[in-house]
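Shown next: run09.csv, containing CSV, C-alpha atoms and all ligand atoms.
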chain,number,residue,atom,x,y,z
A,350,MET,CA,66.8,97.5,94.4
A,351,ASP,CA,65.3,99.6,91.5
A,352,ALA,CA,67.4,101.0,88.7
A,353,SER,CA,67.8,104.4,90.3
A,354,THR,CA,69.2,103.1,93.6
A,355,SER,CA,72.8,102.5,94.0
A,356,VAL,CA,74.9,100.2,96.3
A,357,PHE,CA,76.2,103.5,97.8
A,358,ASP,CA,72.7,104.4,99.0
A,359,THR,CA,72.8,101.6,101.6
A,360,VAL,CA,73.1,102.9,105.1
A,361,ILE,CA,75.6,100.7,107.0
A,362,ASP,CA,75.6,100.6,110.8
A,363,ARG,CA,79.3,101.3,111.7
A,364,THR,CA,78.6,102.0,115.4
A,365,THR,CA,79.6,98.5,116.5
A,366,SER,CA,82.9,98.1,114.6
A,367,HIS,CA,85.1,100.4,116.7
A,368,SER,CA,85.2,102.9,113.8
A,369,ASP,CA,87.2,106.0,114.6
A,370,LYS,CA,84.8,108.1,112.7
A,371,TRP,CA,81.7,106.8,114.4
A,372,SER,CA,83.2,106.9,118.0
A,373,LYS,CA,84.0,110.5,118.2
A,374,PHE,CA,80.6,112.2,118.7
A,375,PRO,CA,77.5,111.4,120.6
A,376,ASP,CA,74.9,109.5,118.4
A,377,THR,CA,72.9,112.7,117.9
A,378,VAL,CA,75.7,114.0,115.6
A,379,ILE,CA,76.3,112.7,112.1
A,380,PRO,CA,80.1,112.0,111.9
A,381,MET,CA,81.5,113.7,108.7
A,382,TRP,CA,85.1,114.2,109.7
A,383,VAL,CA,88.0,111.7,109.2
A,384,ALA,CA,88.6,110.7,105.6
A,385,ASP,CA,86.9,107.3,105.3
A,386,MET,CA,83.7,106.6,103.6
A,387,ASP,CA,80.5,105.0,104.9
A,388,PHE,CA,80.4,102.5,102.0
A,389,ASP,CA,81.2,98.9,101.6
A,390,SER,CA,84.4,98.1,99.8
A,391,PRO,CA,83.9,96.4,96.4
A,392,ASP,CA,83.1,92.7,96.3
A,393,CYS,CA,86.5,92.0,94.6
A,394,ILE,CA,88.2,93.2,97.8
A,395,LYS,CA,85.8,91.5,100.2
A,396,ASN,CA,86.1,88.2,98.3
A,397,ALA,CA,89.9,88.3,98.2
A,398,LEU,CA,90.1,89.1,101.9
A,399,SER,CA,87.7,86.2,102.8
A,400,GLN,CA,89.7,83.8,100.7
A,401,ARG,CA,93.0,84.9,102.4
A,402,VAL,CA,91.5,84.8,105.9
A,403,GLU,CA,90.2,81.3,105.1
A,404,GLU,CA,93.8,80.1,104.5
A,405,GLY,CA,94.3,80.3,108.2
A,406,VAL,CA,98.1,81.0,108.3
A,407,TYR,CA,99.1,84.6,108.6
A,408,GLY,CA,102.8,84.7,108.8
A,409,TYR,CA,105.4,87.3,107.5
A,410,THR,CA,104.4,88.0,103.9
A,411,LYS,CA,106.3,89.2,100.8
A,412,THR,CA,104.8,91.8,98.6
A,413,PRO,CA,103.2,89.7,95.8
A,414,ASP,CA,104.6,90.4,92.2
A,415,VAL,CA,101.1,90.6,91.0
A,416,LEU,CA,100.5,93.7,93.2
A,417,GLU,CA,103.6,95.4,91.8
A,418,LYS,CA,102.3,94.6,88.3
A,419,ALA,CA,98.9,95.8,89.1
A,420,ILE,CA,100.3,99.1,90.4
A,421,GLN,CA,102.4,99.5,87.3
A,422,ALA,CA,99.4,98.9,85.1
A,423,HIS,CA,97.3,101.3,87.1
A,424,ALA,CA,99.9,104.1,86.9
A,425,LEU,CA,100.2,103.5,83.1
A,426,THR,CA,96.5,103.4,82.3
A,427,GLN,CA,95.4,106.1,84.8
A,428,TYR,CA,98.2,108.7,84.6
A,429,ASN,CA,100.3,107.5,81.6
A,430,TRP,CA,103.2,107.1,84.0
A,431,SER,CA,105.7,104.3,83.6
A,432,VAL,CA,107.2,103.1,86.9
A,433,SER,CA,109.4,100.1,87.4
A,434,ALA,CA,108.9,97.5,90.2
A,435,GLN,CA,112.2,98.4,91.7
A,436,ASP,CA,111.1,102.0,92.3
A,437,LEU,CA,108.3,100.9,94.6
A,438,VAL,CA,108.6,100.9,98.4
A,439,HIS,CA,105.7,99.2,100.1
A,440,LEU,CA,104.5,100.7,103.4
A,441,PRO,CA,102.0,100.2,106.2
A,442,GLY,CA,100.6,103.7,105.6
A,443,LEU,CA,101.3,107.0,104.0
A,444,VAL,CA,101.6,109.2,107.0
A,445,CYS,CA,104.7,107.4,108.3
A,446,ALA,CA,106.3,108.0,104.9
A,447,LEU,CA,105.7,111.8,105.2
A,448,HIS,CA,107.4,111.9,108.6
A,449,LEU,CA,110.2,109.6,107.5
A,450,SER,CA,110.9,111.7,104.4
A,451,VAL,CA,111.3,114.8,106.5
A,452,ARG,CA,113.6,113.0,108.9
A,453,VAL,CA,115.7,111.4,106.2
A,454,PHE,CA,116.0,114.2,103.7
A,455,SER,CA,116.3,117.3,105.9
A,456,GLU,CA,118.5,118.3,108.8
A,457,ALA,CA,118.0,120.4,112.0
A,458,ASP,CA,118.4,123.9,110.5
A,459,ASP,CA,116.5,123.1,107.2
A,460,ARG,CA,113.2,124.6,106.2
A,461,ILE,CA,110.3,122.8,104.6
A,462,VAL,CA,108.1,124.6,102.2
A,463,VAL,CA,104.4,123.7,102.6
A,464,PRO,CA,101.4,125.2,100.8
A,465,GLY,CA,98.4,125.3,103.1
A,466,PRO,CA,95.9,125.1,104.8
A,467,VAL,CA,96.7,121.4,104.3
A,468,TYR,CA,96.2,117.9,105.7
A,469,TYR,CA,97.8,118.3,109.1
A,470,HIS,CA,100.5,115.7,108.8
A,471,LEU,CA,102.2,117.8,106.2
A,472,THR,CA,102.9,120.4,108.8
A,473,LYS,CA,103.2,118.0,111.7
A,474,ALA,CA,106.0,116.0,110.1
A,475,PRO,CA,108.4,119.0,110.0
A,476,ALA,CA,107.1,120.5,113.3
A,477,LEU,CA,107.6,117.3,115.3
A,478,VAL,CA,111.4,117.2,114.5
A,479,GLY,CA,111.8,121.0,114.9
A,480,ARG,CA,112.1,121.9,111.2
A,481,ASP,CA,111.1,125.4,110.3
A,482,ILE,CA,108.1,125.5,108.1
A,483,ALA,CA,107.9,128.0,105.2
A,484,HIS,CA,104.1,128.4,104.9
A,485,VAL,CA,102.8,129.3,101.4
A,486,ASP,CA,99.2,130.5,101.4
A,487,MET,CA,96.6,128.8,99.1
A,488,THR,CA,94.5,131.5,97.6
A,489,LEU,CA,91.4,131.5,95.5
A,490,GLU,CA,91.9,131.9,91.7
A,491,ASN,CA,89.0,131.2,89.4
A,492,HIS,CA,87.2,129.4,92.2
A,493,ARG,CA,90.1,127.0,92.8
A,494,TRP,CA,92.5,126.9,95.7
A,495,VAL,CA,96.1,127.4,94.4
A,496,PRO,CA,99.4,128.4,96.0
A,497,ASP,CA,100.4,132.0,95.9
A,498,MET,CA,103.3,131.6,93.5
A,499,ALA,CA,105.2,134.7,94.7
A,500,GLN,CA,105.2,133.4,98.2
A,501,PHE,CA,106.1,130.0,96.9
A,502,GLU,CA,109.2,131.3,95.1
A,503,ALA,CA,110.3,133.4,98.1
A,504,ALA,CA,110.0,130.3,100.3
A,505,CYS,CA,112.0,128.1,98.0
A,506,ALA,CA,114.6,130.8,97.5
A,507,ASP,CA,115.5,130.8,101.2
A,508,PRO,CA,118.9,129.0,101.3
A,509,LYS,CA,117.6,127.0,104.3
A,510,SER,CA,114.8,125.5,102.3
A,511,LYS,CA,115.4,121.8,101.4
A,512,MET,CA,112.1,120.3,100.6
A,513,ILE,CA,108.6,121.0,99.3
A,514,LEU,CA,105.7,119.0,100.8
A,515,LEU,CA,103.0,118.9,98.2
A,516,CYS,CA,99.5,117.5,98.5
A,517,ASN,CA,98.0,116.7,95.1
A,518,PRO,CA,95.0,116.5,94.8
A,519,HIS,CA,95.0,119.0,97.6
A,520,ASN,CA,93.3,118.2,100.9
A,521,PRO,CA,91.4,120.2,101.9
A,522,GLY,CA,90.3,122.3,99.0
A,523,GLY,CA,90.1,119.6,96.3
A,524,THR,CA,92.5,121.2,93.8
A,525,VAL,CA,93.8,118.9,91.1
A,526,TYR,CA,97.0,120.7,90.0
A,527,SER,CA,97.3,121.1,86.2
A,528,GLN,CA,100.4,120.1,84.4
A,529,ALA,CA,101.2,123.8,83.9
A,530,GLU,CA,100.9,124.5,87.6
A,531,LEU,CA,103.0,121.6,88.5
A,532,LEU,CA,105.7,122.6,86.0
A,533,ARG,CA,105.8,126.0,87.6
A,534,ILE,CA,106.4,124.4,91.0
A,535,HIS,CA,108.9,122.0,89.5
A,536,ALA,CA,110.8,125.0,88.0
A,537,LEU,CA,111.2,126.3,91.6
A,538,ALA,CA,112.3,122.9,92.9
A,539,GLU,CA,114.9,122.6,90.1
A,540,LYS,CA,116.1,126.2,90.5
A,541,TYR,CA,116.6,126.0,94.2
A,542,ASN,CA,117.5,122.3,94.3
A,543,LEU,CA,114.7,121.0,96.6
A,544,ILE,CA,113.4,117.5,97.2
A,545,VAL,CA,109.7,117.2,96.6
A,546,VAL,CA,107.5,114.9,98.6
A,547,SER,CA,104.2,114.6,96.8
A,548,ASP,CA,101.3,113.1,98.8
A,549,GLU,CA,99.0,111.8,96.0
A,550,ILE,CA,96.7,109.7,98.2
A,551,HIS,CA,93.6,111.3,96.7
A,552,CYS,CA,94.7,110.9,93.1
A,553,ASP,CA,92.0,108.4,92.1
A,554,LEU,CA,89.2,110.5,93.5
A,555,ILE,CA,88.9,113.0,90.7
A,556,LEU,CA,85.4,114.3,90.3
A,557,ASP,CA,85.9,116.6,87.3
A,558,SER,CA,87.2,115.8,83.8
A,559,VAL,CA,90.8,116.7,84.6
A,560,PRO,CA,93.7,114.3,84.7
A,561,HIS,CA,95.9,113.6,87.7
A,562,VAL,CA,99.5,114.3,86.8
A,563,PRO,CA,102.0,112.7,89.2
A,564,PHE,CA,104.6,115.3,90.0
A,565,ALA,CA,107.4,112.8,89.3
A,566,SER,CA,106.0,112.2,85.8
A,567,LEU,CA,106.6,115.8,84.6
A,568,ASN,CA,110.1,115.2,83.4
A,569,GLU,CA,113.4,113.4,84.2
A,570,ASP,CA,114.5,116.1,86.7
A,571,ALA,CA,111.2,115.8,88.6
A,572,ALA,CA,111.5,112.1,88.7
A,573,SER,CA,115.0,112.4,90.1
A,574,ARG,CA,114.0,114.6,93.1
A,575,THR,CA,110.5,113.3,94.0
A,576,ILE,CA,109.2,110.9,96.6
A,577,THR,CA,105.7,110.1,95.4
A,578,LEU,CA,103.3,108.7,98.0
A,579,MET,CA,100.1,106.8,96.9
A,580,ALA,CA,97.6,104.3,98.3
A,581,PRO,CA,94.4,102.5,97.5
A,582,SER,CA,93.1,103.3,100.9
A,583,LYS,CA,91.0,106.4,100.3
A,584,THR,CA,89.6,105.3,96.9
A,585,PHE,CA,88.6,101.8,97.9
A,586,ASN,CA,87.8,102.6,101.5
A,587,VAL,CA,90.4,100.2,103.0
A,588,ALA,CA,92.2,102.7,105.3
A,589,GLY,CA,92.0,100.4,108.3
A,590,LEU,CA,94.0,97.7,106.4
A,591,GLY,CA,97.2,99.8,106.4
A,592,TYR,CA,98.8,99.8,103.0
A,593,ALA,CA,100.5,102.5,100.9
A,594,PHE,CA,103.4,102.7,98.6
A,595,ALA,CA,106.1,105.2,97.6
A,596,VAL,CA,107.6,105.6,94.2
A,597,ILE,CA,111.2,106.7,94.4
A,598,GLN,CA,112.9,106.6,91.0
A,599,ASN,CA,116.2,108.1,92.2
A,600,THR,CA,118.2,105.1,93.5
A,601,GLU,CA,120.2,107.2,96.0
A,602,LEU,CA,117.0,108.7,97.5
A,603,ARG,CA,115.3,105.3,97.5
A,604,HIS,CA,118.2,103.7,99.4
A,605,ALA,CA,118.3,106.5,101.9
A,606,PHE,CA,114.6,106.2,102.5
A,607,ASP,CA,114.8,102.4,102.8
A,608,GLN,CA,117.7,102.7,105.3
A,609,GLY,CA,115.8,105.2,107.3
A,610,ARG,CA,112.8,103.0,107.7
A,611,THR,CA,114.7,99.8,108.5
A,612,GLY,CA,113.7,98.5,111.9
A,613,LEU,CA,111.2,101.3,112.5
A,614,ILE,CA,108.5,100.9,109.8
A,615,PRO,CA,107.3,97.4,109.3
A,616,SER,CA,106.2,95.7,106.1
A,617,PRO,CA,102.6,96.2,105.2
A,618,ASN,CA,99.9,94.0,106.8
A,619,LEU,CA,99.2,90.9,104.6
A,620,LEU,CA,95.5,91.8,104.4
A,621,GLY,CA,96.4,95.3,103.2
A,622,LEU,CA,98.5,93.7,100.4
A,623,THR,CA,95.6,91.4,99.5
A,624,ALA,CA,93.1,94.2,99.4
A,625,ALA,CA,95.4,96.4,97.3
A,626,THR,CA,96.0,93.7,94.8
A,627,ALA,CA,92.3,93.1,94.3
A,628,ALA,CA,91.6,96.8,94.1
A,629,TYR,CA,94.1,97.6,91.4
A,630,GLN,CA,93.4,94.4,89.5
A,631,GLU,CA,89.6,94.3,89.6
A,632,GLY,CA,88.2,97.4,91.2
A,633,GLN,CA,87.7,99.5,88.1
A,634,VAL,CA,83.9,99.1,87.6
A,635,TRP,CA,83.2,99.9,91.3
A,636,HIS,CA,85.6,102.8,91.2
A,637,HIS,CA,83.8,104.3,88.3
A,638,ALA,CA,80.5,103.9,90.0
A,639,LEU,CA,81.9,105.5,93.2
A,640,LEU,CA,83.1,108.6,91.3
A,641,THR,CA,79.7,109.0,89.7
A,642,TYR,CA,78.0,108.8,93.1
A,643,LEU,CA,80.5,111.2,94.8
A,644,LYS,CA,80.0,113.7,92.0
A,645,GLY,CA,76.3,113.6,92.7
A,646,ASN,CA,76.9,114.2,96.4
A,647,ARG,CA,79.3,117.1,95.6
A,648,ASP,CA,76.8,118.7,93.3
A,649,LEU,CA,74.0,118.4,95.8
A,650,LEU,CA,76.1,120.0,98.5
A,651,VAL,CA,77.3,122.8,96.2
A,652,GLU,CA,73.7,123.5,95.0
A,653,ARG,CA,72.3,123.6,98.6
A,654,LEU,CA,75.1,125.7,100.0
A,655,ALA,CA,74.8,128.2,97.2
A,656,SER,CA,71.7,129.7,98.8
A,657,THR,CA,73.4,130.1,102.2
A,658,PRO,CA,76.2,132.4,103.5
A,659,LEU,CA,78.6,129.4,103.5
A,660,LYS,CA,81.1,129.3,100.6
A,661,MET,CA,82.8,126.5,98.9
A,662,ALA,CA,85.3,126.7,96.0
A,663,ARG,CA,85.3,124.3,93.0
A,664,LEU,CA,86.0,120.9,94.5
A,665,GLU,CA,87.7,119.0,91.7
A,666,ALA,CA,88.7,116.0,93.7
A,667,THR,CA,88.2,114.2,97.0
A,668,TYR,CA,85.0,113.7,99.1
A,669,LEU,CA,86.1,116.4,101.5
A,670,ALA,CA,84.3,119.7,101.2
A,671,TRP,CA,86.3,122.8,102.5
A,672,ILE,CA,83.6,125.1,103.7
A,673,ASP,CA,84.2,128.8,104.5
A,674,ALA,CA,82.0,129.9,107.3
A,675,SER,CA,83.6,133.3,107.8
A,676,ALA,CA,80.5,135.3,106.6
A,677,LEU,CA,78.6,134.1,109.6
A,678,GLY,CA,80.9,135.9,112.0
A,679,LEU,CA,81.0,133.0,114.4
A,680,ASP,CA,83.4,132.7,117.4
A,681,ASP,CA,83.8,129.0,116.6
A,682,ALA,CA,82.7,127.6,113.2
A,683,TYR,CA,83.5,124.0,114.2
A,684,GLU,CA,81.3,124.2,117.3
A,685,PHE,CA,78.5,125.7,115.3
A,686,PHE,CA,78.4,122.7,113.0
A,687,VAL,CA,78.8,120.2,115.8
A,688,ASN,CA,76.0,121.9,117.7
A,689,ALA,CA,73.9,121.6,114.5
A,690,GLY,CA,74.4,117.8,114.7
A,691,VAL,CA,77.0,117.6,111.9
A,692,GLY,CA,80.4,116.3,113.1
A,693,VAL,CA,82.8,118.0,110.6
A,694,SER,CA,86.6,118.4,110.9
A,695,ASN,CA,87.8,121.6,112.5
A,696,GLY,CA,89.4,123.8,109.9
A,697,ALA,CA,91.9,125.0,112.6
A,698,ASP,CA,93.5,121.5,112.3
A,699,PHE,CA,94.4,122.3,108.7
A,700,GLY,CA,95.3,125.9,109.3
A,701,ASP,CA,92.1,128.0,109.1
A,702,ALA,CA,89.6,128.1,111.9
A,703,ASN,CA,87.1,130.0,109.7
A,704,PHE,CA,86.6,126.8,107.7
A,705,VAL,CA,85.3,123.3,108.4
A,706,ARG,CA,85.8,120.2,106.4
A,707,LEU,CA,82.8,118.0,105.6
A,708,ASN,CA,83.2,114.4,104.4
A,709,PHE,CA,80.4,113.6,102.0
A,710,GLY,CA,81.6,110.0,101.3
A,711,CYS,CA,78.2,108.7,102.7
A,712,PRO,CA,74.8,107.7,101.4
A,713,LYS,CA,72.9,110.6,99.8
A,714,SER,CA,70.1,110.3,102.5
A,715,VAL,CA,72.7,110.9,105.2
A,716,LEU,CA,74.2,113.9,103.4
A,717,LEU,CA,70.7,115.3,102.9
A,718,GLU,CA,70.0,115.0,106.6
A,719,ALA,CA,73.2,116.8,107.3
A,720,ILE,CA,72.4,119.6,104.9
A,721,GLU,CA,69.0,120.0,106.4
A,722,ARG,CA,70.6,120.3,109.9
A,723,ILE,CA,73.0,122.9,108.6
A,724,GLU,CA,70.2,124.9,106.9
A,725,ALA,CA,68.1,124.8,110.1
A,726,ALA,CA,71.1,126.1,112.2
A,727,LEU,CA,71.7,128.8,109.7
A,728,GLU,CA,68.1,129.9,109.8
A,729,GLN,CA,68.2,130.0,113.6
A,730,HIS,CA,71.5,131.9,113.5
A,731,SER,CA,70.1,134.5,111.0
A,732,GLN,CA,67.3,135.2,113.5
A,733,SER,CA,69.6,135.6,116.5
B,1,LIG,C1,96.5,113.9,102.2
B,1,LIG,C2,96.5,112.7,103.1
B,1,LIG,N1,97.6,112.0,103.3
B,1,LIG,C3,97.6,110.9,104.1
B,1,LIG,C4,96.5,110.4,104.7
B,1,LIG,C5,96.5,109.2,105.6
B,1,LIG,O1,97.3,108.2,105.1
B,1,LIG,P1,97.5,106.8,105.9
B,1,LIG,O2,96.2,106.5,106.5
B,1,LIG,O3,97.9,105.8,104.8
B,1,LIG,O4,98.6,107.0,106.8
B,1,LIG,C6,95.3,111.1,104.5
B,1,LIG,C7,94.1,110.7,105.2
B,1,LIG,O5,93.1,111.4,105.3
B,1,LIG,C8,95.3,112.3,103.7
B,1,LIG,O6,94.2,113.0,103.4
Structure rendered as structure tokens:
Amino acid sequence: MDASTSVFDTVIDRTTSHSDKWSKFPDTVIPMWVADMDFDSPDCIKNALSQRVEEGVYGYTKTPDVLEKAIQAHALTQYNWSVSAQDLVHLPGLVCALHLSVRVFSEADDRIVVPGPVYYHLTKAPALVGRDIAHVDMTLENHRWVPDMAQFEAACADPKSKMILLCNPHNPGGTVYSQAELLRIHALAEKYNLIVVSDEIHCDLILDSVPHVPFASLNEDAASRTITLMAPSKTFNVAGLGYAFAVIQNTELRHAFDQGRTGLIPSPNLLGLTAATAAYQEGQVWHHALLTYLKGNRDLLVERLASTPLKMARLEATYLAWIDASALGLDDAYEFFVNAGVGVSNGADFGDANFVRLNFGCPKSVLLEAIERIEAALEQHSQS
């Protein structure tokens, strides 16, 4: 490998490993939808897993103290956030915690405030149990997607509203909320006494020089009303190992959450615990290299889309580009991309069918091929 190539350039055949991502489309279509990356996990994770598998006995497993210490150290160094081990709740995934939070902390007639378009489980969690959703539009401000704050206040002020479901960094759209923006949202939560469930799964995938601020770290009141949800799964590409954690600093809320999950949500898989420990203890160098690579992919995509009718706002975080195809006047933007041979996510699933979401967590050569396919389809479309 010469100096200019990266481990992330390696094209890995995922067609034989029952990958969700690689099973959805015919093999003429490049899959760029669900949020996992086509990269190997770091060696520290692969080695830790091999060692654990080698032990041969895979019984019920306690969360290792070293994992809790590694999470605490990570929170402190990355976000200057001090959390204690007792505030952690270990989970087999993050989505179950979104659904559980809605069920535990709201009742039949309550409303849930959700800025969107957003990752579909943030609306599915309330919808599945018949809670009303107060939708707050994300609008473009200085090329960033941010919630319309007038709508946000109106939604929170409704006496039926009990909870805000926030996604920070935002998926899709890639907004990293600033401290000032979060403080404005917190002011609403405090004024109208709402619980905040903050899905921060993408918080270690920040591509610009902006800090991630955990909502709960804003101040004592925020800490007392927030369920923070995090995981190493997106960052270290271990989503299939099923591990996430909640930070719940309010004892009452934590006990209610714990009670709600008892007997329903199992402990994390022992290999998920092993991978998470290795990731937070030893994954820093790989993580840094990953962010550099993803930035390169994002910049390439932004540069190439700039000369097309497709629009994309500033993507501060994630490897999920939120692409506005409305200028093309298509009946079905999703179908247009898939027919072009690029298997994106349908924007309709997040709340806007004029958009598609393209996962660029892949080798640059694959991204280039996808861009060329899109450009060719656009060229053909412009002539039709
Ligand atoms: C915002 C967000 N939350 C949660 C998840 C999934 O979490 P898990 O796989 O741990 O259930 C995703 C996956 O794409 C996501 O983007």
Please return as a tab-separated table (two decimals) with C-alpha atoms, keeping the file's coordinate frame the residues found within 6 Å of ligand LIG 1 (chain B), counting all atoms listed in the file.
chain	number	residue	atom	x	y	z
A	384	ALA	CA	88.60	110.70	105.60
A	442	GLY	CA	100.60	103.70	105.60
A	443	LEU	CA	101.30	107.00	104.00
A	444	VAL	CA	101.60	109.20	107.00
A	468	TYR	CA	96.20	117.90	105.70
A	516	CYS	CA	99.50	117.50	98.50
A	520	ASN	CA	93.30	118.20	100.90
A	548	ASP	CA	101.30	113.10	98.80
A	550	ILE	CA	96.70	109.70	98.20
A	588	ALA	CA	92.20	102.70	105.30
A	593	ALA	CA	100.50	102.50	100.90
Item checked: Exercise: segment 725-733 of chain A partners within 10 Å, all atoms listed in the file, chain neighbours under 6 positions left out, as a VMD selection string -> chain A and resid 657 to 659 677 679 685 to 686 688 to 690 719
Note to self: Which residue is closest to Phe606 of chain A? Choose from A:Val546, A:Val693, A:Val705, A:Val402 and count all atoms listed in the file.
What the structure shows: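 For Phe606 of chain A, the nearest of the given residues is A:Val546.
Between atom CA of Ala499 of chain A and atom CA of Val545 of chain A the interatomic distance comes to 18.2 Å.
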Notebook entry, point to check: If you count all atoms listed in the file, which residues fall within 7 Å of Glu665 of chain A, apart from same-chain ones fewer than 3 positions away, as a list in words?
Noted result: Gly523, Thr524, Val525, Ile555, Leu556 and Asp557 of chain A
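Proximity of A:Asn695, A:Leu554, A:Asn429, A:Leu649 to Ser714 of chain A, computed with all atoms listed in the file, is greatest for A:Leu649.
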Item checked: Between atom CA of Val432 of chain A and atom CA of Tyr668 of chain A, distance in Å (one decimal) ->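 Between these atoms lies a distance of 27.5 Å.
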Check: Pick from A:Leu514, A:Ala446, A:Leu532, A:Ala625: nearest to Val463 of chain A, with all atoms listed in the file counted?
Finding: A:Leu514
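Atom CA of Ile482 of chain A sits 4.9 Å away from atom CA of Ile461 of chain A.
Distances here use all atoms listed in the file; by that measure, the residue among A:Ala397, A:Ile544, A:Val691, A:Ala605 closest to Leu515 of chain A is A:Ile544.
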Notebook entry, point to check: Neighbours of Asp459 of chain A within 8 Å (all atoms listed in the file; same-chain residues fewer than 6 positions away dropped), as number ranges by chain?
Noted result: A: 480-481, 509-511
Margin query: Given the point (99.7, 91.4, 106.7) in the file's coordinates, find the residues that have an atom at most 9 Å from it, counting only C-alpha atoms, and give them as a PyMOL selection string.
Written below: chain A and resi 407-410+590-591+616-623
Next item on the list: For Leu537 of chain A, list every protein, DNA or RNA residue within 10 Å, evaluated using only C-alpha atoms, and leave out those in the same chain fewer than 4 positions away; present the list as a PyMOL selection string.
Entry: chain A and resi 498+501-506+513+531-533+541-543
Notebook entry, point to check: Between A:Pro615, A:Gly710, A:Gly700, A:Gly632, which one has atoms that come closest to Leu440 of chain A, using all atoms listed in the file?
Noted result: A:Pro615
Note to self: Given only C-alpha atoms as the basis, pick out the residue of A:Ala571, A:Cys711, A:Met579, A:Ala627 nearest to Cys552 of chain A.
What the structure shows: A:Met579
Next item on the list: Tell me, as a PyMOL selection string, which residues lie within 10 Å of Asp648 of chain A, counting all atoms listed in the file; anything in the same chain fewer than 6 positions away does not count.
Entry: chain A and resi 642+654+664
Next item on the list: Would you list the residues near (117.2, 111.9, 99.7) (no more than 12 Å away, in the coordinates of the file, using all atoms listed in the file) as an MDAnalysis selection string?
Entry: chainID A and resid 449:456 511:512 542:546 573:576 597:609
